[in-house]
$ cat start_38.txt   # compact mmCIF, N, CA and C atoms
# COMPACT_ATOMS: atom_id res chain seq x y z
N MET A 152 82.18 100.86 107.28
CA MET A 152 81.34 101.73 108.06
C MET A 152 80.01 101.89 107.33
N PRO A 153 78.90 101.58 107.95
CA PRO A 153 77.60 101.71 107.30
C PRO A 153 77.32 103.15 106.88
N GLY A 154 76.42 103.31 105.88
CA GLY A 154 76.11 104.61 105.31
C GLY A 154 75.70 105.67 106.32
N LYS A 155 74.89 105.30 107.31
CA LYS A 155 74.42 106.26 108.30
C LYS A 155 75.60 106.82 109.10
N ASN A 156 76.55 105.94 109.46
CA ASN A 156 77.72 106.40 110.19
C ASN A 156 78.60 107.28 109.31
N LEU A 157 78.69 106.97 108.01
CA LEU A 157 79.45 107.81 107.08
C LEU A 157 78.87 109.22 107.04
N GLU A 158 77.57 109.32 106.96
CA GLU A 158 76.91 110.62 106.94
C GLU A 158 77.16 111.39 108.24
N ALA A 159 77.04 110.70 109.37
CA ALA A 159 77.27 111.34 110.66
C ALA A 159 78.74 111.76 110.78
N ALA A 160 79.65 110.92 110.33
CA ALA A 160 81.07 111.25 110.39
C ALA A 160 81.38 112.45 109.52
N GLN A 161 80.80 112.50 108.31
CA GLN A 161 81.07 113.64 107.44
C GLN A 161 80.49 114.92 108.03
N ARG A 162 79.29 114.86 108.61
CA ARG A 162 78.71 116.04 109.27
C ARG A 162 79.62 116.53 110.38
N TRP A 163 80.11 115.58 111.19
CA TRP A 163 80.99 115.94 112.31
C TRP A 163 82.28 116.56 111.80
N LEU A 164 82.91 115.95 110.81
CA LEU A 164 84.15 116.49 110.26
C LEU A 164 83.91 117.88 109.67
N ALA A 165 82.85 118.03 108.88
CA ALA A 165 82.56 119.31 108.23
C ALA A 165 82.26 120.41 109.24
N SER A 166 81.82 120.05 110.43
CA SER A 166 81.51 121.06 111.45
C SER A 166 82.76 121.82 111.90
N ALA A 167 83.94 121.32 111.56
CA ALA A 167 85.17 122.03 111.89
C ALA A 167 85.34 123.28 111.03
N ASP A 168 84.73 123.27 109.85
CA ASP A 168 84.83 124.40 108.92
C ASP A 168 83.78 125.45 109.30
N ASN A 169 84.12 126.72 109.17
CA ASN A 169 83.14 127.78 109.43
C ASN A 169 82.00 127.74 108.43
N ASN A 170 82.25 127.13 107.28
CA ASN A 170 81.22 126.98 106.25
C ASN A 170 81.11 125.48 105.95
N ARG A 171 80.21 124.84 106.66
CA ARG A 171 80.08 123.38 106.55
C ARG A 171 79.80 122.92 105.12
N ALA A 172 79.03 123.69 104.37
CA ALA A 172 78.73 123.33 102.99
C ALA A 172 80.00 123.32 102.15
N HIS A 173 80.92 124.21 102.46
CA HIS A 173 82.22 124.26 101.77
C HIS A 173 82.97 122.95 101.97
N ALA A 174 83.06 122.51 103.21
CA ALA A 174 83.75 121.25 103.51
C ALA A 174 83.04 120.07 102.84
N ASP A 175 81.72 120.04 102.91
CA ASP A 175 80.96 118.96 102.27
C ASP A 175 81.25 118.91 100.77
N GLN A 176 81.31 120.07 100.14
CA GLN A 176 81.59 120.13 98.71
C GLN A 176 82.96 119.54 98.39
N TRP A 177 83.96 119.86 99.20
CA TRP A 177 85.30 119.32 98.98
C TRP A 177 85.33 117.81 99.21
N PHE A 178 84.66 117.33 100.25
CA PHE A 178 84.61 115.88 100.48
C PHE A 178 83.98 115.18 99.27
N THR A 179 82.88 115.72 98.77
CA THR A 179 82.16 115.11 97.66
C THR A 179 82.97 115.16 96.37
N ASN A 180 83.56 116.29 96.06
CA ASN A 180 84.23 116.47 94.77
C ASN A 180 85.68 116.01 94.74
N ALA A 181 86.40 116.15 95.85
CA ALA A 181 87.83 115.83 95.85
C ALA A 181 88.19 114.68 96.79
N GLY A 182 87.27 114.32 97.68
CA GLY A 182 87.56 113.24 98.63
C GLY A 182 88.42 113.68 99.80
N VAL A 183 88.73 114.96 99.87
CA VAL A 183 89.55 115.50 100.96
C VAL A 183 89.21 116.98 101.13
N ALA A 184 89.29 117.46 102.37
CA ALA A 184 89.07 118.88 102.65
C ALA A 184 90.20 119.36 103.56
N ILE A 185 90.59 120.60 103.37
CA ILE A 185 91.57 121.22 104.27
C ILE A 185 90.75 121.92 105.35
N LEU A 186 90.87 121.43 106.58
CA LEU A 186 90.02 121.93 107.66
C LEU A 186 90.83 122.59 108.77
N PRO A 187 90.25 123.62 109.38
CA PRO A 187 90.93 124.28 110.49
C PRO A 187 90.95 123.40 111.73
N VAL A 188 92.02 123.52 112.46
CA VAL A 188 92.21 122.77 113.70
C VAL A 188 91.89 123.70 114.87
N GLY A 189 91.41 123.15 115.97
CA GLY A 189 91.21 123.92 117.19
C GLY A 189 89.76 124.15 117.57
N LYS A 190 88.84 123.95 116.65
CA LYS A 190 87.41 124.15 116.95
C LYS A 190 86.77 122.85 117.43
N VAL A 191 86.86 121.81 116.61
CA VAL A 191 86.25 120.52 116.92
C VAL A 191 87.28 119.55 117.47
N TRP A 192 88.51 119.70 117.04
CA TRP A 192 89.61 118.85 117.49
C TRP A 192 90.92 119.59 117.31
N ASP A 193 91.94 119.13 118.01
CA ASP A 193 93.33 119.45 117.72
C ASP A 193 93.91 118.20 117.07
N ALA A 194 95.09 118.32 116.50
CA ALA A 194 95.72 117.16 115.87
C ALA A 194 97.14 117.02 116.38
N ILE A 195 97.56 115.79 116.58
CA ILE A 195 98.93 115.48 116.96
C ILE A 195 99.55 114.69 115.82
N ARG A 196 100.61 115.28 115.22
CA ARG A 196 101.31 114.62 114.11
C ARG A 196 102.41 113.74 114.69
N VAL A 197 102.40 112.47 114.28
CA VAL A 197 103.39 111.50 114.73
C VAL A 197 103.92 110.80 113.48
N ASP A 198 105.26 110.68 113.35
CA ASP A 198 105.79 110.05 112.15
C ASP A 198 105.67 108.52 112.24
N LYS A 199 105.87 107.88 111.09
CA LYS A 199 105.55 106.46 110.92
C LYS A 199 106.17 105.52 111.97
N PRO A 200 107.48 105.60 112.25
CA PRO A 200 108.03 104.62 113.21
C PRO A 200 107.36 104.67 114.59
N LEU A 201 107.10 105.89 115.07
CA LEU A 201 106.45 106.02 116.38
C LEU A 201 104.95 105.70 116.27
N ALA A 202 104.34 106.10 115.17
CA ALA A 202 102.90 105.89 115.00
C ALA A 202 102.56 104.40 114.98
N GLY A 203 103.41 103.59 114.37
CA GLY A 203 103.15 102.15 114.34
C GLY A 203 103.06 101.57 115.74
N TYR A 204 103.95 102.02 116.61
CA TYR A 204 103.97 101.58 118.00
C TYR A 204 102.66 102.01 118.69
N VAL A 205 102.28 103.27 118.48
CA VAL A 205 101.06 103.80 119.11
C VAL A 205 99.82 103.09 118.58
N LEU A 206 99.75 102.89 117.27
CA LEU A 206 98.57 102.22 116.69
C LEU A 206 98.41 100.80 117.19
N ALA A 207 99.51 100.14 117.49
CA ALA A 207 99.44 98.76 118.01
C ALA A 207 98.70 98.70 119.35
N ALA A 208 98.67 99.82 120.07
CA ALA A 208 97.96 99.87 121.36
C ALA A 208 96.45 99.99 121.18
N GLN A 209 96.00 100.23 119.96
CA GLN A 209 94.57 100.29 119.62
C GLN A 209 93.78 101.32 120.43
N LEU A 210 94.36 102.52 120.56
CA LEU A 210 93.61 103.61 121.20
C LEU A 210 92.40 103.93 120.32
N PRO A 211 91.23 104.05 120.89
CA PRO A 211 90.08 104.44 120.08
C PRO A 211 90.20 105.91 119.65
N GLY A 212 89.57 106.23 118.53
CA GLY A 212 89.53 107.60 118.04
C GLY A 212 90.11 107.71 116.65
N PRO A 213 89.81 108.82 115.97
CA PRO A 213 90.18 108.99 114.57
C PRO A 213 91.67 109.27 114.35
N VAL A 214 92.22 108.59 113.33
CA VAL A 214 93.63 108.75 112.97
C VAL A 214 93.73 108.80 111.44
N ILE A 215 94.41 109.82 110.94
CA ILE A 215 94.63 110.02 109.51
C ILE A 215 96.06 109.63 109.17
N ARG A 216 96.25 109.01 108.01
CA ARG A 216 97.60 108.78 107.49
C ARG A 216 97.76 109.60 106.23
N ASP A 217 98.83 110.39 106.20
CA ASP A 217 99.17 111.22 105.05
C ASP A 217 100.65 111.02 104.78
N GLY A 218 100.97 110.16 103.84
CA GLY A 218 102.37 109.82 103.58
C GLY A 218 102.94 109.05 104.77
N GLU A 219 104.03 109.55 105.31
CA GLU A 219 104.67 108.91 106.47
C GLU A 219 104.12 109.43 107.80
N ASP A 220 103.29 110.46 107.73
CA ASP A 220 102.77 111.08 108.95
C ASP A 220 101.39 110.54 109.31
N HIS A 221 101.15 110.49 110.60
CA HIS A 221 99.84 110.12 111.14
C HIS A 221 99.35 111.28 111.99
N TYR A 222 98.08 111.60 111.86
CA TYR A 222 97.46 112.67 112.63
C TYR A 222 96.39 112.06 113.52
N PHE A 223 96.61 112.17 114.82
CA PHE A 223 95.67 111.68 115.82
C PHE A 223 94.81 112.86 116.23
N LEU A 224 93.49 112.74 116.07
CA LEU A 224 92.59 113.84 116.43
C LEU A 224 92.26 113.74 117.92
N VAL A 225 92.57 114.83 118.62
CA VAL A 225 92.43 114.90 120.08
C VAL A 225 91.55 116.10 120.44
N ALA A 226 91.19 116.22 121.69
CA ALA A 226 90.30 117.29 122.14
C ALA A 226 90.90 118.67 121.89
N PRO A 227 90.05 119.64 121.54
CA PRO A 227 90.53 121.01 121.40
C PRO A 227 91.20 121.47 122.69
N GLY A 228 92.30 122.20 122.54
CA GLY A 228 93.06 122.67 123.70
C GLY A 228 94.23 121.76 124.05
N SER A 229 94.21 120.53 123.55
CA SER A 229 95.30 119.59 123.85
C SER A 229 96.63 120.08 123.30
N ALA A 230 96.62 120.72 122.14
CA ALA A 230 97.86 121.16 121.50
C ALA A 230 98.61 122.17 122.37
N SER A 231 97.89 123.01 123.07
CA SER A 231 98.54 124.04 123.88
C SER A 231 99.31 123.46 125.07
N ARG A 232 98.98 122.24 125.44
CA ARG A 232 99.65 121.58 126.59
C ARG A 232 100.62 120.49 126.14
N TRP A 233 100.74 120.27 124.85
CA TRP A 233 101.51 119.13 124.33
C TRP A 233 103.01 119.41 124.39
N THR A 234 103.77 118.53 125.03
CA THR A 234 105.23 118.70 125.14
C THR A 234 105.97 117.41 124.81
N THR A 235 105.30 116.45 124.22
CA THR A 235 105.87 115.12 124.01
C THR A 235 106.83 115.12 122.81
N PRO A 236 108.08 114.67 123.03
CA PRO A 236 109.02 114.61 121.91
C PRO A 236 108.60 113.55 120.89
N GLY A 237 109.07 113.75 119.66
CA GLY A 237 108.75 112.79 118.61
C GLY A 237 107.40 113.04 117.96
N SER A 238 106.81 114.20 118.25
CA SER A 238 105.49 114.52 117.72
C SER A 238 105.35 116.04 117.64
N GLN A 239 104.33 116.48 116.94
CA GLN A 239 104.06 117.91 116.80
C GLN A 239 102.59 118.15 117.03
N ALA A 240 102.27 119.12 117.88
CA ALA A 240 100.89 119.47 118.16
C ALA A 240 100.42 120.56 117.22
N LEU A 241 99.21 120.39 116.69
CA LEU A 241 98.59 121.38 115.81
C LEU A 241 97.29 121.84 116.46
N GLY A 242 97.21 123.14 116.70
CA GLY A 242 96.03 123.71 117.32
C GLY A 242 95.50 124.86 116.48
N PRO A 243 94.83 125.83 117.11
CA PRO A 243 94.27 126.96 116.36
C PRO A 243 95.33 127.61 115.46
N ALA A 244 94.88 128.10 114.33
CA ALA A 244 95.72 128.72 113.29
C ALA A 244 96.42 127.69 112.42
N CYS A 245 96.13 126.39 112.63
CA CYS A 245 96.68 125.33 111.79
C CYS A 245 95.54 124.71 110.98
N TYR A 246 95.92 124.04 109.91
CA TYR A 246 94.98 123.33 109.06
C TYR A 246 95.51 121.93 108.81
N VAL A 247 94.59 120.98 108.63
CA VAL A 247 94.95 119.60 108.34
C VAL A 247 94.14 119.13 107.13
N ALA A 248 94.81 118.39 106.24
CA ALA A 248 94.09 117.73 105.16
C ALA A 248 93.33 116.55 105.77
N VAL A 249 92.04 116.51 105.53
CA VAL A 249 91.17 115.49 106.13
C VAL A 249 90.46 114.73 105.01
N PRO A 250 90.68 113.41 104.95
CA PRO A 250 89.99 112.63 103.91
C PRO A 250 88.50 112.47 104.24
N ALA A 251 87.72 112.23 103.20
CA ALA A 251 86.31 111.89 103.41
C ALA A 251 86.26 110.62 104.26
N PRO A 252 85.24 110.45 105.07
CA PRO A 252 85.22 109.33 106.02
C PRO A 252 85.27 107.94 105.38
N GLU A 253 84.86 107.83 104.11
CA GLU A 253 84.90 106.52 103.47
C GLU A 253 86.28 106.16 102.93
N HIS A 254 87.22 107.07 102.95
CA HIS A 254 88.58 106.80 102.45
C HIS A 254 89.39 106.11 103.55
N THR A 255 89.39 104.79 103.52
CA THR A 255 90.03 104.01 104.58
C THR A 255 91.23 103.20 104.09
N LYS A 256 91.69 103.47 102.87
CA LYS A 256 92.92 102.87 102.39
C LYS A 256 93.51 103.75 101.30
N GLY A 257 94.83 103.63 101.14
CA GLY A 257 95.55 104.41 100.13
C GLY A 257 95.27 103.87 98.75
N PRO A 258 95.87 104.43 97.75
CA PRO A 258 96.94 105.43 97.87
C PRO A 258 96.38 106.79 98.28
N GLY A 259 97.29 107.64 98.68
CA GLY A 259 96.91 108.98 99.12
C GLY A 259 96.52 109.01 100.58
N ILE A 260 95.98 110.12 100.98
CA ILE A 260 95.58 110.33 102.37
C ILE A 260 94.35 109.47 102.69
N TYR A 261 94.36 108.86 103.88
CA TYR A 261 93.23 108.01 104.26
C TYR A 261 93.15 107.88 105.78
N TRP A 262 92.02 107.32 106.22
CA TRP A 262 91.80 107.06 107.65
C TRP A 262 92.38 105.70 108.01
N VAL A 263 93.26 105.68 108.98
CA VAL A 263 93.70 104.42 109.60
C VAL A 263 92.60 103.97 110.54
N GLN A 264 92.03 104.93 111.26
CA GLN A 264 90.88 104.71 112.14
C GLN A 264 89.89 105.82 111.82
N PRO A 265 88.83 105.52 111.08
CA PRO A 265 87.90 106.58 110.69
C PRO A 265 87.05 107.06 111.87
N PRO A 266 86.56 108.29 111.78
CA PRO A 266 85.63 108.77 112.81
C PRO A 266 84.30 108.04 112.67
N ASP A 267 83.60 107.91 113.79
CA ASP A 267 82.31 107.22 113.75
C ASP A 267 81.14 108.19 113.75
N GLY A 268 81.44 109.49 113.81
CA GLY A 268 80.38 110.49 113.81
C GLY A 268 79.89 110.89 115.18
N SER A 269 80.35 110.19 116.21
CA SER A 269 79.91 110.48 117.57
C SER A 269 80.69 111.61 118.22
N GLY A 270 81.82 111.98 117.64
CA GLY A 270 82.68 112.99 118.26
C GLY A 270 83.78 112.37 119.11
N LEU A 271 83.86 111.05 119.14
CA LEU A 271 84.91 110.38 119.89
C LEU A 271 86.27 110.82 119.36
N LEU A 272 87.16 111.20 120.28
CA LEU A 272 88.52 111.62 119.93
C LEU A 272 89.53 110.74 120.65
N VAL A 273 90.75 110.75 120.17
CA VAL A 273 91.84 110.00 120.82
C VAL A 273 92.13 110.66 122.17
N ASP A 274 92.32 109.87 123.20
CA ASP A 274 92.66 110.36 124.53
C ASP A 274 94.09 110.91 124.49
N SER A 275 94.24 112.22 124.66
CA SER A 275 95.56 112.85 124.50
C SER A 275 96.55 112.42 125.57
N GLU A 276 96.11 112.14 126.76
CA GLU A 276 97.04 111.71 127.82
C GLU A 276 97.59 110.31 127.52
N ARG A 277 96.72 109.42 127.10
CA ARG A 277 97.19 108.07 126.73
C ARG A 277 98.07 108.12 125.50
N LEU A 278 97.72 108.99 124.53
CA LEU A 278 98.53 109.16 123.34
C LEU A 278 99.92 109.67 123.71
N ALA A 279 100.00 110.67 124.57
CA ALA A 279 101.29 111.22 125.00
C ALA A 279 102.16 110.16 125.66
N ALA A 280 101.56 109.35 126.50
CA ALA A 280 102.32 108.30 127.18
C ALA A 280 102.86 107.28 126.17
N LEU A 281 102.05 106.91 125.21
CA LEU A 281 102.49 105.94 124.19
C LEU A 281 103.55 106.53 123.27
N VAL A 282 103.40 107.78 122.86
CA VAL A 282 104.41 108.41 122.01
C VAL A 282 105.73 108.52 122.77
N GLN A 283 105.66 108.89 124.04
CA GLN A 283 106.87 109.00 124.87
C GLN A 283 107.55 107.63 124.99
N GLU A 284 106.77 106.60 125.22
CA GLU A 284 107.30 105.25 125.33
C GLU A 284 107.93 104.82 123.99
N ALA A 285 107.24 105.08 122.89
CA ALA A 285 107.76 104.73 121.56
C ALA A 285 109.03 105.51 121.25
N TYR A 286 109.06 106.78 121.63
CA TYR A 286 110.23 107.63 121.40
C TYR A 286 111.45 107.05 122.09
N GLY A 287 111.27 106.56 123.30
CA GLY A 287 112.37 105.92 124.03
C GLY A 287 112.83 104.63 123.39
N GLU A 288 111.91 103.91 122.74
CA GLU A 288 112.25 102.64 122.07
C GLU A 288 112.98 102.89 120.75
N VAL A 289 112.58 103.93 120.01
CA VAL A 289 113.09 104.15 118.66
C VAL A 289 114.38 104.95 118.64
N THR A 290 114.54 105.90 119.57
CA THR A 290 115.72 106.76 119.57
C THR A 290 116.83 106.14 120.44
N PRO A 291 118.10 106.38 120.04
CA PRO A 291 119.20 105.81 120.83
C PRO A 291 119.36 106.49 122.18

$ encode --input "start_38.txt" --output "structure tokens"
Amino acid sequence: MPGKNLEAAQRWLASADNNRAHADQWFTNAGVAILPVGKVWDAIRVDKPLAGYVLAAQLPGPVIRDGEDHYFLVAPGSASRWTTPGSQALGPACYVAVPAPEHTKGPGIYWVQPPDGSGLLVDSERLAALVQEAYGEVTP
């Protein structure tokens, strides 16, 4: 990702924090910030077996990998309507560890699909359909 997009992506990510300078400081010093969910995006946590199936569909939008979990960033308000098995919706009153936009490989937390700074999010309806489909494939 070129430098200009990295800057735009970091500005966009930091805008989730009530104190953007706080988030910027954490990105710069630690490479990760704990950010509130529900203002700029909601997050859908999907575990590795289902996430692999979903990622193969190449849905555009930002996706974080943290250990075995994947967090798909979706539009604010999506969590309140989320009922898809095999996943967990995170909305207001939740926090997510968010890597700096240049962290695109492990070890540790990283972007599987980094944000581009435009505000593009994963389509929650398409994500729900894919997780549901994957859930049916993986579970007996």

$ closest_residue --input "start_38.txt" --among "A:Val263, A:Ala285, A:Ala167, A:Gly242" --to "Tyr204 (chain A)" --atoms "all atoms listed in the file"
A:Ala285

$ residues_around --input "start_38.txt" --residues "Asp217 (chain A)" --least-positions-apart "2" --cutoff "7 Å" --atoms "only N, CA and C atoms" --output "PyMOL selection string"
chain A and resi 215+219-222+259-261

$ select_by_dssp --input "start_38.txt" --residues "chain A" --states "helix (DSSP H, G or I)" --output "PyMOL selection string"
chain A and resi 154-165+171-181+199-207+229-232+275-289

$ residues_around --input "start_38.txt" --residues "Ala181 (chain A)" --least-positions-apart "6" --cutoff "10 Å" --atoms "only C-alpha atoms" --output "list in words"
Asp175, Pro250 and Ala251 of chain A

$ closest_residue --input "start_38.txt" --among "A:Ala174, A:Gly182, A:Ala230, A:Ser166" --to "His254 (chain A)" --atoms "only N, CA and C atoms"
A:Gly182

$ atom_distance --input "start_38.txt" --atom1 "CA of Lys199 (chain A)" --atom2 "atom N of Leu241 (chain A)"
16.4 Å

$ axis_aligned_box --input "start_38.txt" --around "region 166-182 of chain A" --padding-each-side "4 Å" --output "lines of an AutoDock Vina configuration file"
center_x = 83.6
center_y = 120.5
center_z = 103.3
size_x = 17.7
size_y = 22.5
size_z = 25.2

$ residues_around --input "start_38.txt" --residues "Trp163 (chain A)" --least-positions-apart "4" --cutoff "8 Å" --atoms "all atoms listed in the file" --output "list of chain:residue names"
A:Leu157, A:Glu158, A:Ala159, A:Ala167, A:Asp168, A:Val191, A:Asp267, A:Gly268, A:Ser269, A:Gly270

$ select_by_dssp --input "start_38.txt" --residues "chain A" --states "strand (DSSP E or B)" --output "ChimeraX atom specification"
/A:183-187,193-198,214-217,220-225,238-241,246-250,261-264,273

$ build_atoms --input "start_38.txt" --residues "region 246-257 of chain A" --atoms "all heavy atoms" --output "PDB file, in the coordinates of the input"
ATOM      1  N   TYR A 246      95.920 124.040 109.910  1.00  0.00           N
ATOM      2  CA  TYR A 246      94.980 123.330 109.060  1.00  0.00           C
ATOM      3  C   TYR A 246      95.510 121.930 108.810  1.00  0.00           C
ATOM      4  O   TYR A 246      96.720 121.716 108.791  1.00  0.00           O
ATOM      5  CB  TYR A 246      94.792 124.045 107.718  1.00  0.00           C
ATOM      6  CG  TYR A 246      94.009 125.323 107.853  1.00  0.00           C
ATOM      7  CD1 TYR A 246      94.620 126.490 108.314  1.00  0.00           C
ATOM      8  CD2 TYR A 246      92.659 125.365 107.540  1.00  0.00           C
ATOM      9  CE1 TYR A 246      93.897 127.663 108.452  1.00  0.00           C
ATOM     10  CE2 TYR A 246      91.933 126.542 107.676  1.00  0.00           C
ATOM     11  CZ  TYR A 246      92.566 127.687 108.128  1.00  0.00           C
ATOM     12  OH  TYR A 246      91.852 128.834 108.272  1.00  0.00           O
ATOM     13  N   VAL A 247      94.590 120.980 108.630  1.00  0.00           N
ATOM     14  CA  VAL A 247      94.950 119.600 108.340  1.00  0.00           C
ATOM     15  C   VAL A 247      94.140 119.130 107.130  1.00  0.00           C
ATOM     16  O   VAL A 247      92.951 119.438 107.019  1.00  0.00           O
ATOM     17  CB  VAL A 247      94.659 118.687 109.562  1.00  0.00           C
ATOM     18  CG1 VAL A 247      94.844 117.221 109.229  1.00  0.00           C
ATOM     19  CG2 VAL A 247      95.545 119.069 110.743  1.00  0.00           C
ATOM     20  N   ALA A 248      94.810 118.390 106.240  1.00  0.00           N
ATOM     21  CA  ALA A 248      94.090 117.730 105.160  1.00  0.00           C
ATOM     22  C   ALA A 248      93.330 116.550 105.770  1.00  0.00           C
ATOM     23  O   ALA A 248      93.927 115.713 106.452  1.00  0.00           O
ATOM     24  CB  ALA A 248      95.066 117.251 104.094  1.00  0.00           C
ATOM     25  N   VAL A 249      92.040 116.510 105.530  1.00  0.00           N
ATOM     26  CA  VAL A 249      91.170 115.490 106.130  1.00  0.00           C
ATOM     27  C   VAL A 249      90.460 114.730 105.010  1.00  0.00           C
ATOM     28  O   VAL A 249      89.733 115.330 104.219  1.00  0.00           O
ATOM     29  CB  VAL A 249      90.136 116.158 107.069  1.00  0.00           C
ATOM     30  CG1 VAL A 249      89.170 115.130 107.635  1.00  0.00           C
ATOM     31  CG2 VAL A 249      90.843 116.915 108.187  1.00  0.00           C
ATOM     32  N   PRO A 250      90.680 113.410 104.950  1.00  0.00           N
ATOM     33  CA  PRO A 250      89.990 112.630 103.910  1.00  0.00           C
ATOM     34  C   PRO A 250      88.500 112.470 104.240  1.00  0.00           C
ATOM     35  O   PRO A 250      88.096 112.547 105.399  1.00  0.00           O
ATOM     36  CB  PRO A 250      90.699 111.282 103.959  1.00  0.00           C
ATOM     37  CG  PRO A 250      91.236 111.180 105.350  1.00  0.00           C
ATOM     38  CD  PRO A 250      91.537 112.581 105.789  1.00  0.00           C
ATOM     39  N   ALA A 251      87.720 112.230 103.200  1.00  0.00           N
ATOM     40  CA  ALA A 251      86.310 111.890 103.410  1.00  0.00           C
ATOM     41  C   ALA A 251      86.260 110.620 104.260  1.00  0.00           C
ATOM     42  O   ALA A 251      87.174 109.789 104.200  1.00  0.00           O
ATOM     43  CB  ALA A 251      85.621 111.681 102.074  1.00  0.00           C
ATOM     44  N   PRO A 252      85.240 110.450 105.070  1.00  0.00           N
ATOM     45  CA  PRO A 252      85.220 109.330 106.020  1.00  0.00           C
ATOM     46  C   PRO A 252      85.270 107.940 105.380  1.00  0.00           C
ATOM     47  O   PRO A 252      85.709 106.995 106.002  1.00  0.00           O
ATOM     48  CB  PRO A 252      83.932 109.527 106.806  1.00  0.00           C
ATOM     49  CG  PRO A 252      83.184 110.607 106.154  1.00  0.00           C
ATOM     50  CD  PRO A 252      84.085 111.328 105.232  1.00  0.00           C
ATOM     51  N   GLU A 253      84.860 107.830 104.110  1.00  0.00           N
ATOM     52  CA  GLU A 253      84.900 106.520 103.470  1.00  0.00           C
ATOM     53  C   GLU A 253      86.280 106.160 102.930  1.00  0.00           C
ATOM     54  O   GLU A 253      86.511 105.023 102.528  1.00  0.00           O
ATOM     55  CB  GLU A 253      83.861 106.432 102.337  1.00  0.00           C
ATOM     56  CG  GLU A 253      84.125 107.344 101.171  1.00  0.00           C
ATOM     57  CD  GLU A 253      83.503 108.733 101.307  1.00  0.00           C
ATOM     58  OE1 GLU A 253      83.099 109.121 102.423  1.00  0.00           O
ATOM     59  OE2 GLU A 253      83.426 109.426 100.282  1.00  0.00           O
ATOM     60  N   HIS A 254      87.220 107.070 102.950  1.00  0.00           N
ATOM     61  CA  HIS A 254      88.580 106.800 102.450  1.00  0.00           C
ATOM     62  C   HIS A 254      89.390 106.110 103.550  1.00  0.00           C
ATOM     63  O   HIS A 254      89.979 106.762 104.399  1.00  0.00           O
ATOM     64  CB  HIS A 254      89.263 108.089 102.003  1.00  0.00           C
ATOM     65  CG  HIS A 254      88.658 108.665 100.770  1.00  0.00           C
ATOM     66  ND1 HIS A 254      89.353 109.434  99.894  1.00  0.00           N
ATOM     67  CD2 HIS A 254      87.399 108.569 100.242  1.00  0.00           C
ATOM     68  CE1 HIS A 254      88.569 109.800  98.899  1.00  0.00           C
ATOM     69  NE2 HIS A 254      87.379 109.280  99.104  1.00  0.00           N
ATOM     70  N   THR A 255      89.390 104.790 103.520  1.00  0.00           N
ATOM     71  CA  THR A 255      90.030 104.010 104.580  1.00  0.00           C
ATOM     72  C   THR A 255      91.230 103.200 104.090  1.00  0.00           C
ATOM     73  O   THR A 255      91.717 102.339 104.810  1.00  0.00           O
ATOM     74  CB  THR A 255      89.011 103.077 105.257  1.00  0.00           C
ATOM     75  OG1 THR A 255      88.420 102.248 104.268  1.00  0.00           O
ATOM     76  CG2 THR A 255      87.946 103.871 105.995  1.00  0.00           C
ATOM     77  N   LYS A 256      91.690 103.470 102.870  1.00  0.00           N
ATOM     78  CA  LYS A 256      92.920 102.870 102.390  1.00  0.00           C
ATOM     79  C   LYS A 256      93.510 103.750 101.300  1.00  0.00           C
ATOM     80  O   LYS A 256      92.800 104.510 100.654  1.00  0.00           O
ATOM     81  CB  LYS A 256      92.770 101.437 101.934  1.00  0.00           C
ATOM     82  CG  LYS A 256      91.554 101.061 101.170  1.00  0.00           C
ATOM     83  CD  LYS A 256      91.486  99.563 100.922  1.00  0.00           C
ATOM     84  CE  LYS A 256      90.041  99.203 100.672  1.00  0.00           C
ATOM     85  NZ  LYS A 256      89.797  97.983 100.050  1.00  0.00           N
ATOM     86  N   GLY A 257      94.830 103.630 101.140  1.00  0.00           N
ATOM     87  CA  GLY A 257      95.550 104.410 100.130  1.00  0.00           C
ATOM     88  C   GLY A 257      95.270 103.870  98.750  1.00  0.00           C
ATOM     89  O   GLY A 257      94.478 102.945  98.588  1.00  0.00           O
TER      90      GLY A 257
END
